[in-house]
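Dropping start19.pdb in here (PDB, N, CA and C atoms, pLDDT in the B column):
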ATOM      1  N   MET D   1       1.327 -12.893  -4.781  1.00 89.00           N
ATOM      2  CA  MET D   1       1.774 -13.929  -3.885  1.00 89.00           C
ATOM      3  C   MET D   1       2.852 -13.337  -2.983  1.00 89.00           C
ATOM      4  N   ARG D   2       2.843 -13.752  -1.745  1.00 91.00           N
ATOM      5  CA  ARG D   2       3.851 -13.315  -0.792  1.00 91.00           C
ATOM      6  C   ARG D   2       4.798 -14.478  -0.542  1.00 91.00           C
ATOM      7  N   ILE D   3       6.082 -14.233  -0.697  1.00 94.00           N
ATOM      8  CA  ILE D   3       7.107 -15.261  -0.496  1.00 94.00           C
ATOM      9  C   ILE D   3       7.914 -14.879   0.735  1.00 94.00           C
ATOM     10  N   ALA D   4       7.972 -15.765   1.727  1.00 95.00           N
ATOM     11  CA  ALA D   4       8.724 -15.512   2.956  1.00 95.00           C
ATOM     12  C   ALA D   4      10.182 -15.917   2.761  1.00 95.00           C
ATOM     13  N   ILE D   5      11.093 -15.061   3.214  1.00 93.00           N
ATOM     14  CA  ILE D   5      12.523 -15.342   3.159  1.00 93.00           C
ATOM     15  C   ILE D   5      13.024 -15.487   4.593  1.00 93.00           C
ATOM     16  N   ASP D   6      13.577 -16.637   4.911  1.00 94.00           N
ATOM     17  CA  ASP D   6      14.126 -16.883   6.247  1.00 94.00           C
ATOM     18  C   ASP D   6      15.478 -16.186   6.402  1.00 94.00           C
ATOM     19  N   PRO D   7      15.894 -15.930   7.647  1.00 94.00           N
ATOM     20  CA  PRO D   7      17.216 -15.335   7.836  1.00 94.00           C
ATOM     21  C   PRO D   7      18.296 -16.315   7.372  1.00 94.00           C
ATOM     22  N   TRP D   8      19.384 -15.767   6.818  1.00 91.00           N
ATOM     23  CA  TRP D   8      20.460 -16.635   6.360  1.00 91.00           C
ATOM     24  C   TRP D   8      21.784 -15.902   6.434  1.00 91.00           C
ATOM     25  N   GLU D   9      22.832 -16.679   6.445  1.00 94.00           N
ATOM     26  CA  GLU D   9      24.184 -16.148   6.560  1.00 94.00           C
ATOM     27  C   GLU D   9      24.963 -16.550   5.305  1.00 94.00           C
ATOM     28  N   ASP D  10      25.654 -15.572   4.698  1.00 93.00           N
ATOM     29  CA  ASP D  10      26.415 -15.895   3.486  1.00 93.00           C
ATOM     30  C   ASP D  10      27.800 -16.430   3.851  1.00 93.00           C
ATOM     31  N   GLU D  11      28.587 -16.721   2.822  1.00 95.00           N
ATOM     32  CA  GLU D  11      29.909 -17.336   3.034  1.00 95.00           C
ATOM     33  C   GLU D  11      30.880 -16.427   3.775  1.00 95.00           C
ATOM     34  N   LYS D  12      30.610 -15.109   3.806  1.00 95.00           N
ATOM     35  CA  LYS D  12      31.477 -14.168   4.535  1.00 95.00           C
ATOM     36  C   LYS D  12      31.014 -13.961   5.975  1.00 95.00           C
ATOM     37  N   GLY D  13      29.922 -14.604   6.360  1.00 93.00           N
ATOM     38  CA  GLY D  13      29.413 -14.471   7.716  1.00 93.00           C
ATOM     39  C   GLY D  13      28.432 -13.322   7.891  1.00 93.00           C
ATOM     40  N   ASP D  14      28.020 -12.684   6.787  1.00 94.00           N
ATOM     41  CA  ASP D  14      27.045 -11.597   6.876  1.00 94.00           C
ATOM     42  C   ASP D  14      25.645 -12.177   7.049  1.00 94.00           C
ATOM     43  N   LEU D  15      24.899 -11.618   7.993  1.00 94.00           N
ATOM     44  CA  LEU D  15      23.548 -12.083   8.284  1.00 94.00           C
ATOM     45  C   LEU D  15      22.547 -11.285   7.461  1.00 94.00           C
ATOM     46  N   TYR D  16      21.609 -11.969   6.849  1.00 92.00           N
ATOM     47  CA  TYR D  16      20.524 -11.339   6.105  1.00 92.00           C
ATOM     48  C   TYR D  16      19.240 -11.570   6.890  1.00 92.00           C
ATOM     49  N   VAL D  17      18.540 -10.480   7.191  1.00 92.00           N
ATOM     50  CA  VAL D  17      17.341 -10.564   8.022  1.00 92.00           C
ATOM     51  C   VAL D  17      16.176 -11.137   7.221  1.00 92.00           C
ATOM     52  N   PRO D  18      15.189 -11.726   7.909  1.00 94.00           N
ATOM     53  CA  PRO D  18      14.038 -12.291   7.206  1.00 94.00           C
ATOM     54  C   PRO D  18      13.173 -11.185   6.615  1.00 94.00           C
ATOM     55  N   GLY D  19      12.370 -11.550   5.653  1.00 94.00           N
ATOM     56  CA  GLY D  19      11.479 -10.573   5.033  1.00 94.00           C
ATOM     57  C   GLY D  19      10.546 -11.254   4.052  1.00 94.00           C
ATOM     58  N   PHE D  20       9.897 -10.422   3.261  1.00 94.00           N
ATOM     59  CA  PHE D  20       8.945 -10.916   2.277  1.00 94.00           C
ATOM     60  C   PHE D  20       9.252 -10.316   0.918  1.00 94.00           C
ATOM     61  N   ILE D  21       8.955 -11.077  -0.121  1.00 92.00           N
ATOM     62  CA  ILE D  21       9.000 -10.612  -1.495  1.00 92.00           C
ATOM     63  C   ILE D  21       7.595 -10.811  -2.036  1.00 92.00           C
ATOM     64  N   TYR D  22       7.079  -9.805  -2.728  1.00 91.00           N
ATOM     65  CA  TYR D  22       5.745  -9.890  -3.311  1.00 91.00           C
ATOM     66  C   TYR D  22       5.868  -9.960  -4.827  1.00 91.00           C
ATOM     67  N   THR D  23       5.092 -10.847  -5.439  1.00 89.00           N
ATOM     68  CA  THR D  23       5.122 -11.004  -6.885  1.00 89.00           C
ATOM     69  C   THR D  23       3.718 -11.280  -7.399  1.00 89.00           C
ATOM     70  N   GLU D  24       3.503 -10.995  -8.669  1.00 84.00           N
ATOM     71  CA  GLU D  24       2.211 -11.278  -9.287  1.00 84.00           C
ATOM     72  C   GLU D  24       2.288 -12.604 -10.025  1.00 84.00           C
ATOM     73  N   VAL D  25       1.341 -13.477  -9.739  1.00 84.00           N
ATOM     74  CA  VAL D  25       1.240 -14.749 -10.439  1.00 84.00           C
ATOM     75  C   VAL D  25       0.334 -14.571 -11.652  1.00 84.00           C
ATOM     76  N   GLU D  26      -0.720 -13.790 -11.477  1.00 80.00           N
ATOM     77  CA  GLU D  26      -1.628 -13.418 -12.553  1.00 80.00           C
ATOM     78  C   GLU D  26      -1.752 -11.906 -12.554  1.00 80.00           C
ATOM     79  N   ALA D  27      -2.121 -11.363 -13.685  1.00 79.00           N
ATOM     80  CA  ALA D  27      -2.325  -9.911 -13.760  1.00 79.00           C
ATOM     81  C   ALA D  27      -3.422  -9.495 -12.785  1.00 79.00           C
ATOM     82  N   ARG D  28      -3.305  -8.307 -12.239  1.00 71.00           N
ATOM     83  CA  ARG D  28      -4.292  -7.814 -11.277  1.00 71.00           C
ATOM     84  C   ARG D  28      -5.647  -7.611 -11.940  1.00 71.00           C
ATOM     85  N   ARG D  29      -6.686  -7.904 -11.166  1.00 72.00           N
ATOM     86  CA  ARG D  29      -8.040  -7.714 -11.663  1.00 72.00           C
ATOM     87  C   ARG D  29      -8.874  -6.983 -10.624  1.00 72.00           C
ATOM     88  N   TRP D  30      -8.228  -6.158  -9.850  1.00 66.00           N
ATOM     89  CA  TRP D  30      -8.938  -5.469  -8.787  1.00 66.00           C
ATOM     90  C   TRP D  30      -9.759  -4.326  -9.354  1.00 66.00           C
ATOM     91  N   GLU D  31     -10.846  -4.066  -8.689  1.00 64.00           N
ATOM     92  CA  GLU D  31     -11.687  -2.955  -9.091  1.00 64.00           C
ATOM     93  C   GLU D  31     -12.280  -2.346  -7.836  1.00 64.00           C
ATOM     94  N   ILE D  32     -12.168  -1.055  -7.733  1.00 65.00           N
ATOM     95  CA  ILE D  32     -12.742  -0.351  -6.595  1.00 65.00           C
ATOM     96  C   ILE D  32     -13.845   0.546  -7.131  1.00 65.00           C
ATOM     97  N   GLY D  33     -15.017   0.435  -6.557  1.00 60.00           N
ATOM     98  CA  GLY D  33     -16.125   1.265  -6.984  1.00 60.00           C
ATOM     99  C   GLY D  33     -17.012   0.557  -7.994  1.00 60.00           C
ATOM    100  N   ALA D  34     -17.863   1.315  -8.599  1.00 58.00           N
ATOM    101  CA  ALA D  34     -18.843   0.760  -9.539  1.00 58.00           C
ATOM    102  C   ALA D  34     -18.316   0.805 -10.966  1.00 58.00           C
ATOM    103  N   ARG D  35     -18.872  -0.048 -11.814  1.00 65.00           N
ATOM    104  CA  ARG D  35     -18.502  -0.053 -13.232  1.00 65.00           C
ATOM    105  C   ARG D  35     -19.179   1.093 -13.986  1.00 65.00           C
ATOM    106  N   ASN D  36     -20.257   1.584 -13.455  1.00 65.00           N
ATOM    107  CA  ASN D  36     -20.994   2.661 -14.101  1.00 65.00           C
ATOM    108  C   ASN D  36     -20.211   3.973 -13.951  1.00 65.00           C
ATOM    109  N   PRO D  37     -19.766   4.603 -15.057  1.00 66.00           N
ATOM    110  CA  PRO D  37     -18.983   5.836 -14.931  1.00 66.00           C
ATOM    111  C   PRO D  37     -19.782   6.998 -14.344  1.00 66.00           C
ATOM    112  N   GLN D  38     -21.103   6.914 -14.355  1.00 70.00           N
ATOM    113  CA  GLN D  38     -21.948   7.973 -13.790  1.00 70.00           C
ATOM    114  C   GLN D  38     -22.120   7.827 -12.279  1.00 70.00           C
ATOM    115  N   ALA D  39     -21.692   6.697 -11.733  1.00 66.00           N
ATOM    116  CA  ALA D  39     -21.881   6.422 -10.303  1.00 66.00           C
ATOM    117  C   ALA D  39     -20.936   7.278  -9.472  1.00 66.00           C
ATOM    118  N   THR D  40     -21.341   7.533  -8.243  1.00 66.00           N
ATOM    119  CA  THR D  40     -20.497   8.269  -7.303  1.00 66.00           C
ATOM    120  C   THR D  40     -19.310   7.395  -6.921  1.00 66.00           C
ATOM    121  N   PRO D  41     -18.084   7.933  -6.933  1.00 59.00           N
ATOM    122  CA  PRO D  41     -16.920   7.117  -6.593  1.00 59.00           C
ATOM    123  C   PRO D  41     -16.991   6.597  -5.149  1.00 59.00           C
ATOM    124  N   THR D  42     -16.504   5.386  -4.963  1.00 66.00           N
ATOM    125  CA  THR D  42     -16.490   4.784  -3.632  1.00 66.00           C
ATOM    126  C   THR D  42     -15.428   5.439  -2.754  1.00 66.00           C
ATOM    127  N   LEU D  43     -14.279   5.731  -3.351  1.00 65.00           N
ATOM    128  CA  LEU D  43     -13.195   6.363  -2.609  1.00 65.00           C
ATOM    129  C   LEU D  43     -13.189   7.856  -2.897  1.00 65.00           C
ATOM    130  N   ARG D  44     -13.042   8.633  -1.860  1.00 64.00           N
ATOM    131  CA  ARG D  44     -12.992  10.088  -2.022  1.00 64.00           C
ATOM    132  C   ARG D  44     -11.700  10.592  -1.391  1.00 64.00           C
ATOM    133  N   PRO D  45     -11.083  11.619  -1.975  1.00 64.00           N
ATOM    134  CA  PRO D  45      -9.862  12.153  -1.383  1.00 64.00           C
ATOM    135  C   PRO D  45     -10.142  12.794  -0.025  1.00 64.00           C
ATOM    136  N   LEU D  46      -9.127  12.806   0.821  1.00 68.00           N
ATOM    137  CA  LEU D  46      -9.251  13.450   2.122  1.00 68.00           C
ATOM    138  C   LEU D  46      -9.343  14.958   1.949  1.00 68.00           C
ATOM    139  N   THR D  47     -10.018  15.612   2.864  1.00 73.00           N
ATOM    140  CA  THR D  47     -10.070  17.057   2.853  1.00 73.00           C
ATOM    141  C   THR D  47      -8.848  17.586   3.590  1.00 73.00           C
ATOM    142  N   VAL D  48      -8.130  18.467   2.946  1.00 72.00           N
ATOM    143  CA  VAL D  48      -6.927  19.025   3.545  1.00 72.00           C
ATOM    144  C   VAL D  48      -7.287  20.349   4.184  1.00 72.00           C
ATOM    145  N   ILE D  49      -6.936  20.508   5.455  1.00 72.00           N
ATOM    146  CA  ILE D  49      -7.190  21.747   6.185  1.00 72.00           C
ATOM    147  C   ILE D  49      -5.863  22.457   6.338  1.00 72.00           C
ATOM    148  N   SER D  50      -5.817  23.701   5.887  1.00 72.00           N
ATOM    149  CA  SER D  50      -4.570  24.458   6.024  1.00 72.00           C
ATOM    150  C   SER D  50      -4.334  24.789   7.489  1.00 72.00           C
ATOM    151  N   THR D  51      -3.117  25.153   7.821  1.00 72.00           N
ATOM    152  CA  THR D  51      -2.755  25.464   9.204  1.00 72.00           C
ATOM    153  C   THR D  51      -3.577  26.628   9.728  1.00 72.00           C
ATOM    154  N   SER D  52      -3.804  27.650   8.914  1.00 70.00           N
ATOM    155  CA  SER D  52      -4.567  28.812   9.372  1.00 70.00           C
ATOM    156  C   SER D  52      -6.022  28.425   9.656  1.00 70.00           C
ATOM    157  N   GLU D  53      -6.617  27.544   8.852  1.00 57.00           N
ATOM    158  CA  GLU D  53      -7.976  27.085   9.109  1.00 57.00           C
ATOM    159  C   GLU D  53      -8.056  26.242  10.373  1.00 57.00           C
ATOM    160  N   ALA D  54      -7.049  25.420  10.623  1.00 56.00           N
ATOM    161  CA  ALA D  54      -7.031  24.588  11.817  1.00 56.00           C
ATOM    162  C   ALA D  54      -6.905  25.451  13.065  1.00 56.00           C
ATOM    163  N   ASP D  55      -6.123  26.543  13.000  1.00 63.00           N
ATOM    164  CA  ASP D  55      -5.973  27.461  14.143  1.00 63.00           C
ATOM    165  C   ASP D  55      -7.278  28.154  14.465  1.00 63.00           C
ATOM    166  N   LYS D  56      -8.087  28.477  13.435  1.00 65.00           N
ATOM    167  CA  LYS D  56      -9.367  29.158  13.644  1.00 65.00           C
ATOM    168  C   LYS D  56     -10.356  28.267  14.381  1.00 65.00           C
ATOM    169  N   LYS D  57     -10.232  26.939  14.189  1.00 61.00           N
ATOM    170  CA  LYS D  57     -11.183  26.007  14.809  1.00 61.00           C
ATOM    171  C   LYS D  57     -10.863  25.752  16.269  1.00 61.00           C
ATOM    172  N   LYS D  58      -9.705  26.166  16.743  1.00 57.00           N
ATOM    173  CA  LYS D  58      -9.324  25.909  18.147  1.00 57.00           C
ATOM    174  C   LYS D  58     -10.049  26.792  19.108  1.00 57.00           C
TER
END
As structure tokens, what does this structure read like?
Amino acid sequence: MRIAIDPWEDEKGDLYVPGFIYTEVEARRWEIGARNPQATPTLRPLTVISTSEADKKK
């Protein structure tokens, strides 16, 4: 859940800017990809190109 906080001023005159606080109401139940452990993962890491490899491609 996202909770919005409005701007407010304390008793010393300090201003607090608006923002959000995030909290869990229920435990997370998110799942990315398939339940089958043999399946190909949905998310794959990015390929990192070293600086020397990037210079060769120019």
Quick one: 3 Å padding each side, axis-aligned, all listed atoms of region 4-13 of chain D - centre and edge lengths in Å to one decimal, as lines of an AutoDock Vina configuration file?
center_x = 19.7
center_y = -15.3
center_z = 4.8
size_x = 29.5
size_y = 10.0
size_z = 12.2
ask   = If you measure from atom C of Glu26 (chain D) to atom N of Ile3 (chain D), what distance in Å do you get, rounded to one decimal?
value =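 Straight-line distance from atom C of Glu26 (chain D) to atom N of Ile3 (chain D) works out to 14.4 Å.
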query = Within 10 Å of (6.4, -8.5, -2.8), only C-alpha atoms: residues as a list in words?
reply =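 Checking each residue against the 10 Å limit leaves Met1, Arg2, Ile3, Ala4, Gly19, Phe20, Ile21, Tyr22, Thr23 and Glu24 of chain D.
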The selected residues should be written to file as a short mmCIF file (atom, residue, chain, number, x, y, z; two decimals), keeping the file's coordinate frame (atoms: N, CA and C atoms).
data_model
loop_
_atom_site.label_atom_id
_atom_site.label_comp_id
_atom_site.auth_asym_id
_atom_site.auth_seq_id
_atom_site.Cartn_x
_atom_site.Cartn_y
_atom_site.Cartn_z
N MET D 1 1.33 -12.89 -4.78
CA MET D 1 1.77 -13.93 -3.88
C MET D 1 2.85 -13.34 -2.98
N ARG D 2 2.84 -13.75 -1.74
CA ARG D 2 3.85 -13.32 -0.79
C ARG D 2 4.80 -14.48 -0.54
N ILE D 3 6.08 -14.23 -0.70
CA ILE D 3 7.11 -15.26 -0.50
C ILE D 3 7.91 -14.88 0.74
N ALA D 4 7.97 -15.76 1.73
CA ALA D 4 8.72 -15.51 2.96
C ALA D 4 10.18 -15.92 2.76
N GLY D 19 12.37 -11.55 5.65
CA GLY D 19 11.48 -10.57 5.03
C GLY D 19 10.55 -11.25 4.05
N PHE D 20 9.90 -10.42 3.26
CA PHE D 20 8.94 -10.92 2.28
C PHE D 20 9.25 -10.32 0.92
N ILE D 21 8.96 -11.08 -0.12
CA ILE D 21 9.00 -10.61 -1.50
C ILE D 21 7.60 -10.81 -2.04
N TYR D 22 7.08 -9.80 -2.73
CA TYR D 22 5.74 -9.89 -3.31
C TYR D 22 5.87 -9.96 -4.83
N THR D 23 5.09 -10.85 -5.44
CA THR D 23 5.12 -11.00 -6.88
C THR D 23 3.72 -11.28 -7.40
N GLU D 24 3.50 -11.00 -8.67
CA GLU D 24 2.21 -11.28 -9.29
C GLU D 24 2.29 -12.60 -10.02
#
request  = Could you please determine the separation between CA of Val25 (chain D) and atom N of Pro7 (chain D) in Å, to one decimal place?
outcome  =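 Atom N of Pro7 (chain D) lies 23.3 Å from CA of Val25 (chain D).
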ask   = To one decimal place, how far is atom C of Ile5 (chain D) from atom C of Val17 (chain D) in Å?
value =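 If I compute the distance from atom C of Ile5 (chain D) to atom C of Val17 (chain D), I get 6.0 Å.
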